[in-house]
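Student: Next comes data-v3.cif, mmCIF, C-alpha atoms:
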```
data_query
loop_
_atom_site.group_PDB
_atom_site.id
_atom_site.type_symbol
_atom_site.label_atom_id
_atom_site.label_comp_id
_atom_site.auth_asym_id
_atom_site.auth_seq_id
_atom_site.Cartn_x
_atom_site.Cartn_y
_atom_site.Cartn_z
ATOM 1 C CA MET D 72 -41.623 104.101 132.027
ATOM 2 C CA GLY D 73 -43.070 107.337 133.489
ATOM 3 C CA THR D 74 -41.417 110.575 132.452
ATOM 4 C CA GLU D 75 -39.674 109.116 129.415
ATOM 5 C CA GLY D 76 -42.977 107.819 128.020
ATOM 6 C CA ALA D 77 -44.743 111.126 128.682
ATOM 7 C CA ARG D 78 -41.947 113.026 126.960
ATOM 8 C CA ALA D 79 -42.143 110.737 123.901
ATOM 9 C CA LEU D 80 -45.926 111.222 123.640
ATOM 10 C CA LEU D 81 -45.635 115.010 123.975
ATOM 11 C CA GLU D 82 -43.005 115.157 121.234
ATOM 12 C CA ARG D 83 -45.453 113.561 118.777
ATOM 13 C CA ALA D 84 -48.672 115.326 119.774
ATOM 14 C CA GLY D 85 -49.997 118.542 118.241
ATOM 15 C CA ARG D 86 -52.268 119.504 121.155
ATOM 16 C CA LEU D 87 -52.457 118.777 124.841
ATOM 17 C CA THR D 88 -55.690 118.786 126.850
ATOM 18 C CA LEU D 89 -55.059 118.673 130.587
ATOM 19 C CA GLN D 90 -57.903 118.020 133.027
ATOM 20 C CA THR D 91 -57.393 118.102 136.770
ATOM 21 C CA GLY D 92 -60.712 116.489 137.636
ATOM 22 C CA ASN D 93 -62.333 117.415 140.946
ATOM 23 C CA LEU D 94 -59.708 119.096 143.138
ATOM 24 C CA LEU D 95 -61.765 118.237 146.221
ATOM 25 C CA ASN D 96 -60.791 114.598 145.570
ATOM 26 C CA TRP D 97 -57.095 115.492 145.748
ATOM 27 C CA GLY D 98 -56.025 114.862 149.315
ATOM 28 C CA CYS D 99 -52.651 116.593 148.809
ATOM 29 C CA LEU D 100 -54.217 119.842 147.585
ATOM 30 C CA ARG D 101 -56.838 119.944 150.313
ATOM 31 C CA LYS D 102 -54.165 119.993 153.005
ATOM 32 C CA LYS D 103 -52.397 122.936 151.451
ATOM 33 C CA CYS D 104 -54.164 126.197 150.626
ATOM 34 C CA PRO D 105 -52.405 127.943 147.700
ATOM 35 C CA ALA D 106 -51.760 131.615 148.415
ATOM 36 C CA THR D 107 -53.022 132.870 145.044
ATOM 37 C CA PRO D 108 -55.172 131.631 142.109
ATOM 38 C CA SER D 109 -52.008 131.527 139.934
ATOM 39 C CA GLU D 110 -50.233 129.286 142.439
ATOM 40 C CA GLU D 111 -53.237 126.980 142.555
ATOM 41 C CA VAL D 112 -53.251 126.632 138.753
ATOM 42 C CA ARG D 113 -49.516 125.891 138.633
ATOM 43 C CA ASP D 114 -49.826 123.395 141.467
ATOM 44 C CA CYS D 115 -52.709 121.599 139.744
ATOM 45 C CA ILE D 116 -50.954 121.414 136.361
ATOM 46 C CA GLN D 117 -47.747 120.086 137.889
ATOM 47 C CA LYS D 118 -49.474 117.444 140.024
ATOM 48 C CA THR D 119 -51.675 116.305 137.108
ATOM 49 C CA LEU D 120 -48.628 115.988 134.815
ATOM 50 C CA THR D 121 -46.623 114.100 137.441
ATOM 51 C CA GLU D 122 -49.465 111.700 138.262
ATOM 52 C CA TRP D 123 -50.368 111.151 134.578
ATOM 53 C CA SER D 124 -46.773 110.545 133.457
ATOM 54 C CA SER D 125 -46.210 108.007 136.256
ATOM 55 C CA LYS D 126 -49.032 105.842 134.827
ATOM 56 C CA ILE D 127 -47.735 105.670 131.231
ATOM 57 C CA GLY D 128 -46.700 102.151 130.279
ATOM 58 C CA GLN D 129 -44.288 100.806 127.641
ATOM 59 C CA ASP D 130 -47.171 100.019 125.252
ATOM 60 C CA GLN D 131 -48.408 103.638 125.248
ATOM 61 C CA LYS D 132 -45.001 105.147 124.531
ATOM 62 C CA GLN D 133 -45.225 104.335 120.807
ATOM 63 C CA GLU D 134 -48.689 105.874 120.345
ATOM 64 C CA THR D 135 -49.095 108.967 118.202
ATOM 65 C CA LEU D 136 -52.041 111.094 119.227
ATOM 66 C CA GLU D 137 -52.823 114.439 117.632
ATOM 67 C CA VAL D 138 -54.607 115.518 120.829
ATOM 68 C CA LEU D 139 -53.006 114.123 123.956
ATOM 69 C CA GLU D 140 -55.337 113.751 126.959
ATOM 70 C CA CYS D 141 -53.594 114.307 130.255
ATOM 71 C CA THR D 142 -55.863 113.399 133.171
ATOM 72 C CA VAL D 143 -55.834 111.708 136.552
ATOM 73 C CA ALA D 144 -58.554 109.050 136.229
ATOM 74 C CA GLN D 145 -59.441 108.815 139.930
ATOM 75 C CA ALA D 146 -60.061 112.584 140.155
ATOM 76 C CA LEU D 147 -62.551 112.718 137.251
ATOM 77 C CA GLU D 148 -66.128 113.021 138.460
ATOM 78 C CA LYS D 149 -69.240 113.306 136.298
ATOM 79 C CA ILE D 150 -72.467 114.766 137.656
ATOM 80 C CA ASN D 151 -75.245 112.333 138.504
ATOM 81 C CA PRO D 152 -78.157 113.218 136.113
ATOM 82 C CA GLU D 153 -80.625 112.760 138.994
ATOM 83 C CA GLU D 154 -78.854 115.526 140.941
ATOM 84 C CA ARG D 155 -78.426 117.940 138.026
ATOM 85 C CA ASP D 156 -81.386 120.212 138.887
ATOM 86 C CA GLU D 157 -80.042 120.711 142.413
ATOM 87 C CA LEU D 158 -76.640 121.928 141.143
ATOM 88 C CA LYS D 159 -75.328 125.104 139.540
ATOM 89 C CA VAL D 160 -72.455 124.535 137.109
ATOM 90 C CA SER D 161 -70.401 127.698 136.522
ATOM 91 C CA ALA D 162 -67.204 128.352 134.600
ATOM 92 C CA LYS D 163 -64.750 131.164 134.018
ATOM 93 C CA LEU D 164 -62.803 131.107 130.774
ATOM 94 C CA PHE D 165 -59.363 132.655 130.323
ATOM 95 C CA ILE D 166 -58.175 133.004 126.716
ATOM 96 C CA VAL D 167 -54.361 132.890 126.615
ATOM 97 C CA GLY D 168 -52.851 132.220 123.185
ATOM 98 C CA SER D 169 -55.836 131.764 120.896
ATOM 99 C CA ASN D 170 -58.901 133.606 119.635
ATOM 100 C CA SER D 171 -62.682 133.444 119.962
ATOM 101 C CA SER D 172 -62.896 130.154 118.016
ATOM 102 C CA SER D 173 -61.576 128.265 121.045
ATOM 103 C CA ILE D 174 -64.582 129.200 123.229
ATOM 104 C CA ARG D 175 -66.740 126.405 121.792
ATOM 105 C CA ASP D 176 -63.960 123.828 122.363
ATOM 106 C CA ALA D 177 -63.608 124.909 125.978
ATOM 107 C CA VAL D 178 -67.364 124.731 126.685
ATOM 108 C CA ASP D 179 -67.731 121.367 124.907
ATOM 109 C CA LEU D 180 -64.844 119.900 126.901
ATOM 110 C CA ALA D 181 -66.260 121.205 130.190
ATOM 111 C CA CYS D 182 -69.699 119.717 129.422
ATOM 112 C CA SER D 183 -68.102 116.405 128.462
ATOM 113 C CA ALA D 184 -65.863 116.308 131.568
ATOM 114 C CA LEU D 185 -68.823 116.924 133.882
ATOM 115 C CA GLY D 186 -71.335 114.810 131.957
ATOM 116 C CA VAL D 187 -73.810 117.668 131.441
ATOM 117 C CA ALA D 188 -75.623 119.041 128.386
ATOM 118 C CA GLN D 189 -75.129 122.693 129.314
ATOM 119 C CA LEU D 190 -73.342 125.044 131.705
ATOM 120 C CA ASP D 191 -75.496 127.344 133.837
ATOM 121 C CA SER D 192 -73.103 130.275 133.640
ATOM 122 C CA VAL D 193 -69.890 131.189 131.803
ATOM 123 C CA ILE D 194 -67.876 134.312 132.585
ATOM 124 C CA ILE D 195 -65.158 135.340 130.159
ATOM 125 C CA ALA D 196 -62.039 137.065 131.453
ATOM 126 C CA PRO D 197 -60.872 140.001 129.277
ATOM 127 C CA PRO D 198 -59.068 138.519 126.261
ATOM 128 C CA PRO D 199 -55.368 139.505 126.082
ATOM 129 C CA VAL D 200 -54.613 142.686 124.142
ATOM 130 C CA GLU D 201 -51.273 143.883 122.819
ATOM 131 C CA ASP D 202 -49.216 146.171 125.037
ATOM 132 C CA GLY D 203 -50.332 149.762 124.808
ATOM 133 C CA THR D 204 -53.779 148.777 123.486
ATOM 134 C CA ASN D 205 -56.924 149.209 125.552
ATOM 135 C CA LEU D 206 -59.747 146.691 125.563
ATOM 136 C CA SER D 207 -62.558 147.935 123.314
ATOM 137 C CA LEU D 208 -66.046 146.824 122.325
ATOM 138 C CA GLU D 209 -64.795 146.046 118.822
ATOM 139 C CA TYR D 210 -62.165 143.694 120.263
ATOM 140 C CA LEU D 211 -64.688 141.999 122.583
ATOM 141 C CA GLN D 212 -67.385 141.496 119.926
ATOM 142 C CA PRO D 213 -66.166 138.227 118.280
ATOM 143 C CA TYR D 214 -65.761 136.628 121.730
ATOM 144 C CA TRP D 215 -69.219 137.703 122.816
ATOM 145 C CA LYS D 216 -70.794 136.544 119.524
ATOM 146 C CA GLU D 217 -69.304 133.090 120.107
ATOM 147 C CA LEU D 218 -70.794 133.018 123.628
ATOM 148 C CA GLU D 219 -74.173 134.185 122.256
ATOM 149 C CA ASN D 220 -74.142 131.317 119.730
ATOM 150 C CA LEU D 221 -73.591 128.870 122.583
ATOM 151 C CA VAL D 222 -76.525 130.381 124.508
ATOM 152 C CA GLN D 223 -78.724 130.088 121.400
ATOM 153 C CA ASN D 224 -77.584 126.451 120.980
ATOM 154 C CA LYS D 225 -78.503 125.804 124.638
ATOM 155 C CA LYS D 226 -74.925 124.947 125.667
ATOM 156 C CA ILE D 227 -74.870 127.862 128.157
ATOM 157 C CA VAL D 228 -77.743 129.467 130.113
ATOM 158 C CA ALA D 229 -76.191 132.819 131.152
ATOM 159 C CA ILE D 230 -73.025 134.674 130.116
ATOM 160 C CA GLY D 231 -71.049 137.298 131.989
ATOM 161 C CA THR D 232 -68.003 139.526 131.826
ATOM 162 C CA SER D 233 -65.083 140.356 134.056
ATOM 163 C CA ASP D 234 -63.251 143.607 134.808
ATOM 164 C CA LEU D 235 -65.299 145.828 132.484
ATOM 165 C CA ASP D 236 -65.715 149.422 133.608
ATOM 166 C CA LYS D 237 -69.092 151.159 133.345
ATOM 167 C CA THR D 238 -68.385 152.607 129.869
ATOM 168 C CA LEU D 239 -67.385 149.307 128.272
ATOM 169 C CA LEU D 240 -70.078 147.310 130.076
ATOM 170 C CA GLU D 241 -72.713 149.770 128.837
ATOM 171 C CA GLN D 242 -71.380 149.615 125.258
ATOM 172 C CA LEU D 243 -71.481 145.808 125.347
ATOM 173 C CA TYR D 244 -74.958 145.782 126.918
ATOM 174 C CA LEU D 245 -76.407 148.095 124.244
ATOM 175 C CA TRP D 246 -74.809 146.153 121.367
ATOM 176 C CA ALA D 247 -75.298 142.568 122.559
ATOM 177 C CA GLN D 248 -78.256 140.375 121.605
ATOM 178 C CA VAL D 249 -77.737 138.242 124.724
ATOM 179 C CA LYS D 250 -77.114 140.703 127.545
ATOM 180 C CA PRO D 251 -74.403 140.083 130.163
ATOM 181 C CA SER D 252 -76.022 138.703 133.328
ATOM 182 C CA SER D 253 -73.019 139.510 135.528
ATOM 183 C CA ASN D 254 -69.741 141.448 135.654
ATOM 184 C CA GLN D 255 -66.888 140.519 137.965
ATOM 185 C CA VAL D 256 -64.911 143.268 139.690
ATOM 186 C CA ASN D 257 -61.409 142.697 141.028
ATOM 187 C CA LEU D 258 -61.253 143.928 144.589
ATOM 188 C CA ALA D 259 -57.474 144.284 144.376
ATOM 189 C CA SER D 260 -57.943 147.135 141.896
ATOM 190 C CA CYS D 261 -60.823 148.777 143.800
ATOM 191 C CA CYS D 262 -61.848 148.127 147.406
ATOM 192 C CA VAL D 263 -65.221 149.775 146.810
ATOM 193 C CA MET D 264 -67.453 149.185 143.811
ATOM 194 C CA PRO D 265 -67.410 152.272 141.533
ATOM 195 C CA PRO D 266 -70.748 154.126 142.052
ATOM 196 C CA ASP D 267 -71.384 154.611 138.300
ATOM 197 C CA LEU D 268 -70.885 150.874 137.678
ATOM 198 C CA THR D 269 -73.155 149.965 140.612
ATOM 199 C CA ALA D 270 -75.917 152.285 139.392
ATOM 200 C CA PHE D 271 -75.760 151.003 135.798
ATOM 201 C CA ALA D 272 -75.694 147.350 136.899
ATOM 202 C CA LYS D 273 -78.735 147.881 139.128
ATOM 203 C CA GLU D 274 -80.648 149.625 136.350
ATOM 204 C CA CYS D 275 -79.923 146.824 133.853
ATOM 205 C CA ASP D 276 -80.220 143.917 136.306
ATOM 206 C CA ILE D 277 -76.542 142.913 135.958
ATOM 207 C CA GLN D 278 -75.155 141.122 138.988
ATOM 208 C CA LEU D 279 -71.850 142.540 140.238
ATOM 209 C CA LEU D 280 -69.535 139.872 141.636
ATOM 210 C CA THR D 281 -66.055 140.097 143.143
ATOM 211 C CA HIS D 282 -62.967 138.035 142.275
ATOM 212 C CA ASN D 283 -59.257 137.902 143.043
ATOM 213 C CA ASP D 284 -57.852 136.516 139.781
ATOM 214 C CA PRO D 285 -54.764 138.280 138.422
ATOM 215 C CA LYS D 286 -54.883 139.914 134.994
ATOM 216 C CA GLU D 287 -52.941 136.952 133.619
ATOM 217 C CA LEU D 288 -53.794 133.715 135.421
ATOM 218 C CA LEU D 289 -51.483 131.572 133.292
ATOM 219 C CA CYS D 290 -48.962 133.138 130.919
ATOM 220 C CA GLU D 291 -46.928 131.283 128.308
ATOM 221 C CA ALA D 292 -43.679 131.407 130.324
ATOM 222 C CA SER D 293 -45.389 130.139 133.460
ATOM 223 C CA PHE D 294 -47.018 127.224 131.610
ATOM 224 C CA GLN D 295 -43.717 126.212 130.010
ATOM 225 C CA GLU D 296 -41.977 126.367 133.381
ATOM 226 C CA VAL D 297 -44.527 124.120 135.076
ATOM 227 C CA LEU D 298 -44.491 121.708 132.100
ATOM 228 C CA GLN D 299 -40.718 121.418 132.515
ATOM 229 C CA GLU D 300 -41.112 120.797 136.266
ATOM 230 C CA GLY D 301 -43.802 118.150 135.715
ATOM 231 C CA ILE D 302 -41.982 116.268 132.923
ATOM 232 C CA GLN D 303 -38.227 116.744 132.983
ATOM 233 C CA ASN D 304 -36.297 117.379 129.762
ATOM 234 C CA VAL D 305 -39.480 117.938 127.767
ATOM 235 C CA LYS D 306 -39.197 120.600 125.025
ATOM 236 C CA ALA D 307 -41.433 122.924 127.031
ATOM 237 C CA ASN D 308 -40.666 126.009 124.904
ATOM 238 C CA GLU D 309 -42.541 124.377 121.985
ATOM 239 C CA TRP D 310 -45.826 124.452 123.932
ATOM 240 C CA ILE D 311 -48.195 127.432 124.029
ATOM 241 C CA PRO D 312 -51.284 127.497 126.279
ATOM 242 C CA LEU D 313 -54.424 128.367 124.273
ATOM 243 C CA TRP D 314 -57.018 128.695 127.025
ATOM 244 C CA LEU D 315 -57.813 127.740 130.592
ATOM 245 C CA LEU D 316 -61.273 127.044 132.019
ATOM 246 C CA ARG D 317 -62.028 126.858 135.741
ATOM 247 C CA TYR D 318 -65.320 125.276 136.701
ATOM 248 C CA SER D 319 -67.244 124.852 139.926
ATOM 249 C CA VAL D 320 -70.311 122.803 140.801
ATOM 250 C CA ILE D 321 -72.355 124.272 143.649
ATOM 251 C CA VAL D 322 -75.243 122.709 145.583
ATOM 252 C CA LYS D 323 -77.907 125.419 145.115
ATOM 253 C CA SER D 324 -79.813 124.888 148.372
ATOM 254 C CA ARG D 325 -76.716 124.912 150.585
ATOM 255 C CA GLY D 326 -74.276 127.082 148.645
ATOM 256 C CA ILE D 327 -71.432 124.589 149.094
ATOM 257 C CA ILE D 328 -68.908 123.605 146.421
ATOM 258 C CA LYS D 329 -69.305 119.969 145.402
ATOM 259 C CA SER D 330 -66.666 120.003 142.677
ATOM 260 C CA LYS D 331 -64.015 122.349 141.291
ATOM 261 C CA GLY D 332 -61.404 121.845 138.608
ATOM 262 C CA TYR D 333 -59.420 123.155 135.661
ATOM 263 C CA ILE D 334 -59.263 122.236 131.978
ATOM 264 C CA ILE D 335 -56.334 123.603 129.973
ATOM 265 C CA GLN D 336 -55.564 123.261 126.278
ATOM 266 C CA ALA D 337 -52.153 123.924 124.730
ATOM 267 C CA LYS D 338 -50.691 123.472 121.255
ATOM 268 C CA ARG D 339 -47.200 122.589 120.117
ATOM 269 C CA ASN D 340 -45.387 125.007 117.831
ATOM 270 C CA ALA D 341 -42.671 122.756 116.461
ATOM 271 C CA SER D 342 -39.981 124.744 114.688
#
```
For the file at hand, write its structure as structure tokens.
Tutor:
Amino acid sequence: MGTEGARALLERAGRLTLQTGNLLNWGCLRKKCPATPSEEVRDCIQKTLTEWSSKIGQDQKQETLEVLECTVAQALEKINPEERDELKVSAKLFIVGSNSSSIRDAVDLACSALGVAQLDSVIIAPPPVEDGTNLSLEYLQPYWKELENLVQNKKIVAIGTSDLDKTLLEQLYLWAQVKPSSNQVNLASCCVMPPDLTAFAKECDIQLLTHNDPKELLCEASFQEVLQEGIQNVKANEWIPLWLLRYSVIVKSRGIIKSKGYIIQAKRNAS
């Protein structure tokens, strides 16, 4: 059945939730180190789609699901509750084609996938702005409010930002009820941490972290391309990625990664 069944299901669904499960369980990905974060995401989406579509049987082809779950069962791995206190569960959220309302969905899905009640830390990448527009506090506020609600509801312990300069980080810090605990800095854009940012972060106890994610980890065109590669002849141009969440589970005492994966949600814009 395979590809034909997957295509039929996608044509009837309104949303697609794709979960890679623990990438450390994927023998094929462990052998090959992707050159960039974007290549890793594409690789993971394609392999998940290919594996998932190969398992679709004749009986599933006729199903109509509003939200289609695309996962590789053997890669899914929930956290053992007895080990939870020894682990740090972190996530970075990339908003692609949606707004702040999708943050709760992303966090709920991550908690459900990992079998935990809360995430220890969530960093939000700068939400996309229109060309020629600069990121501002006003634009960030609804996203941060949504994260603050999740902290107050005990779904997240600490929240952080990414790629904010000193001015914007200070504006957010002064306005926010729940202060940012960290700010990621892209070392591709600056090899040395800006002194004003370092001084402000130290004063306000904000941890400065480094990352190598591109400005756009997964754009619409890239998602559609990889969807087409994973399931041939699918109407890929109807699908728009809403958000992407990357999580990691780290053993606190040893600093080693126990689990890492991606969750992606897309919606179909049928014309």
Student: Please enumerate the residues selected by the PyMOL selection byres ((chain D and resi 286) around 9) when evaluated against the supplied file, formatted as a ChimeraX atom specification.
Tutor: /D:196-197,199,284-285,287-288
Student: What does the distance from atom CA of Ala181 of chain D to atom CA of Gln255 of chain D come to in Å, to one decimal?
Tutor: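 Distance reported for this atom pair: 20.8 Å.
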Student: For this structure, which residues satisfy the selection - the PyMOL selection byres ((chain D and resi 111-115) around 10) - when it is evaluated on the file as given? I want them as a CSV table (one decimal) with C-alpha atoms, keeping the file's coordinate frame.
Tutor:
```
chain,number,residue,atom,x,y,z
D,89,LEU,CA,-55.1,118.7,130.6
D,90,GLN,CA,-57.9,118.0,133.0
D,91,THR,CA,-57.4,118.1,136.8
D,92,GLY,CA,-60.7,116.5,137.6
D,94,LEU,CA,-59.7,119.1,143.1
D,97,TRP,CA,-57.1,115.5,145.7
D,100,LEU,CA,-54.2,119.8,147.6
D,103,LYS,CA,-52.4,122.9,151.5
D,104,CYS,CA,-54.2,126.2,150.6
D,105,PRO,CA,-52.4,127.9,147.7
D,106,ALA,CA,-51.8,131.6,148.4
D,107,THR,CA,-53.0,132.9,145.0
D,108,PRO,CA,-55.2,131.6,142.1
D,109,SER,CA,-52.0,131.5,139.9
D,110,GLU,CA,-50.2,129.3,142.4
D,116,ILE,CA,-51.0,121.4,136.4
D,117,GLN,CA,-47.7,120.1,137.9
D,118,LYS,CA,-49.5,117.4,140.0
D,119,THR,CA,-51.7,116.3,137.1
D,120,LEU,CA,-48.6,116.0,134.8
D,121,THR,CA,-46.6,114.1,137.4
D,288,LEU,CA,-53.8,133.7,135.4
D,289,LEU,CA,-51.5,131.6,133.3
D,293,SER,CA,-45.4,130.1,133.5
D,294,PHE,CA,-47.0,127.2,131.6
D,296,GLU,CA,-42.0,126.4,133.4
D,297,VAL,CA,-44.5,124.1,135.1
D,298,LEU,CA,-44.5,121.7,132.1
D,301,GLY,CA,-43.8,118.2,135.7
D,315,LEU,CA,-57.8,127.7,130.6
D,317,ARG,CA,-62.0,126.9,135.7
D,332,GLY,CA,-61.4,121.8,138.6
D,333,TYR,CA,-59.4,123.2,135.7
D,335,ILE,CA,-56.3,123.6,130.0
```
Student: Using all atoms listed in the file, can you tell me which of D:Val187, D:Leu221, D:Ile127, D:Ala177 comes closest to Lys149 of chain D?
Tutor: D:Val187
Student: Set the distance at 12 Å and use all atoms listed in the file: which residues neighbour segment 236-244 of chain D once local chain neighbours fewer than 4 positions away are removed? I'd like the list as a ChimeraX atom specification.
Tutor: /D:197,205-216,230-232,248-257,260-261,264-279
Student: Nearest to Glu122 of chain D: which of D:Leu316, D:Ala144, D:Leu139, D:Leu164 is it, counting only C-alpha atoms?
Tutor: D:Ala144
Student: Taking the file as shown, what set of residues would the PyMOL selection byres ((chain D and resi 153-163) around 9) give back, as JSON, numbers by chain?
Tutor: {"D": [150, 151, 152, 164, 165, 178, 181, 187, 189, 190, 191, 192, 193, 194, 195, 196, 315, 316, 317, 318, 319, 320, 321, 322, 323, 324, 329]}
Student: Select, from D:Gln303, D:Gly326, D:Gln336, D:Leu313, the residue with the minimum atom-to-atom distance to Glu75 of chain D, counting all atoms listed in the file.
Tutor: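 When distances to Glu75 of chain D are compared using all atoms listed in the file, the smallest one comes from D:Gln303.
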Student: If I take atom CA of Ser233 of chain D and atom CA of Ile334 of chain D, how far is one from the other in Å, to one decimal?
Tutor: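 Pair atom CA of Ser233 of chain D / atom CA of Ile334 of chain D returns 19.1 Å.
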Student: Would you list the contacts of Ala307 of chain D as a PyMOL selection string, taking every protein, DNA or RNA residue within 8 Å and counting only C-alpha atoms, but skipping same-chain residues closer than 2 positions in sequence?
Tutor: chain D and resi 295-296+298-299+305+309-310
Student: In Å to one decimal, how far is atom CA of Glu137 of chain D from atom CA of Arg78 of chain D?
Tutor: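 Atom-to-atom, atom CA of Arg78 of chain D to atom CA of Glu137 of chain D, that is 14.4 Å.
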Student: Build an axis-aligned box that encloses every atom of segment 85-97 of chain D listed in the file, pad it by 3 Å on each side, and report its centre and edge lengths in Å to one decimal, as lines of an AutoDock Vina configuration file.
Tutor:
```
center_x = -56.2
center_y = 117.1
center_z = 132.2
size_x = 18.3
size_y = 10.9
size_z = 34.0
```
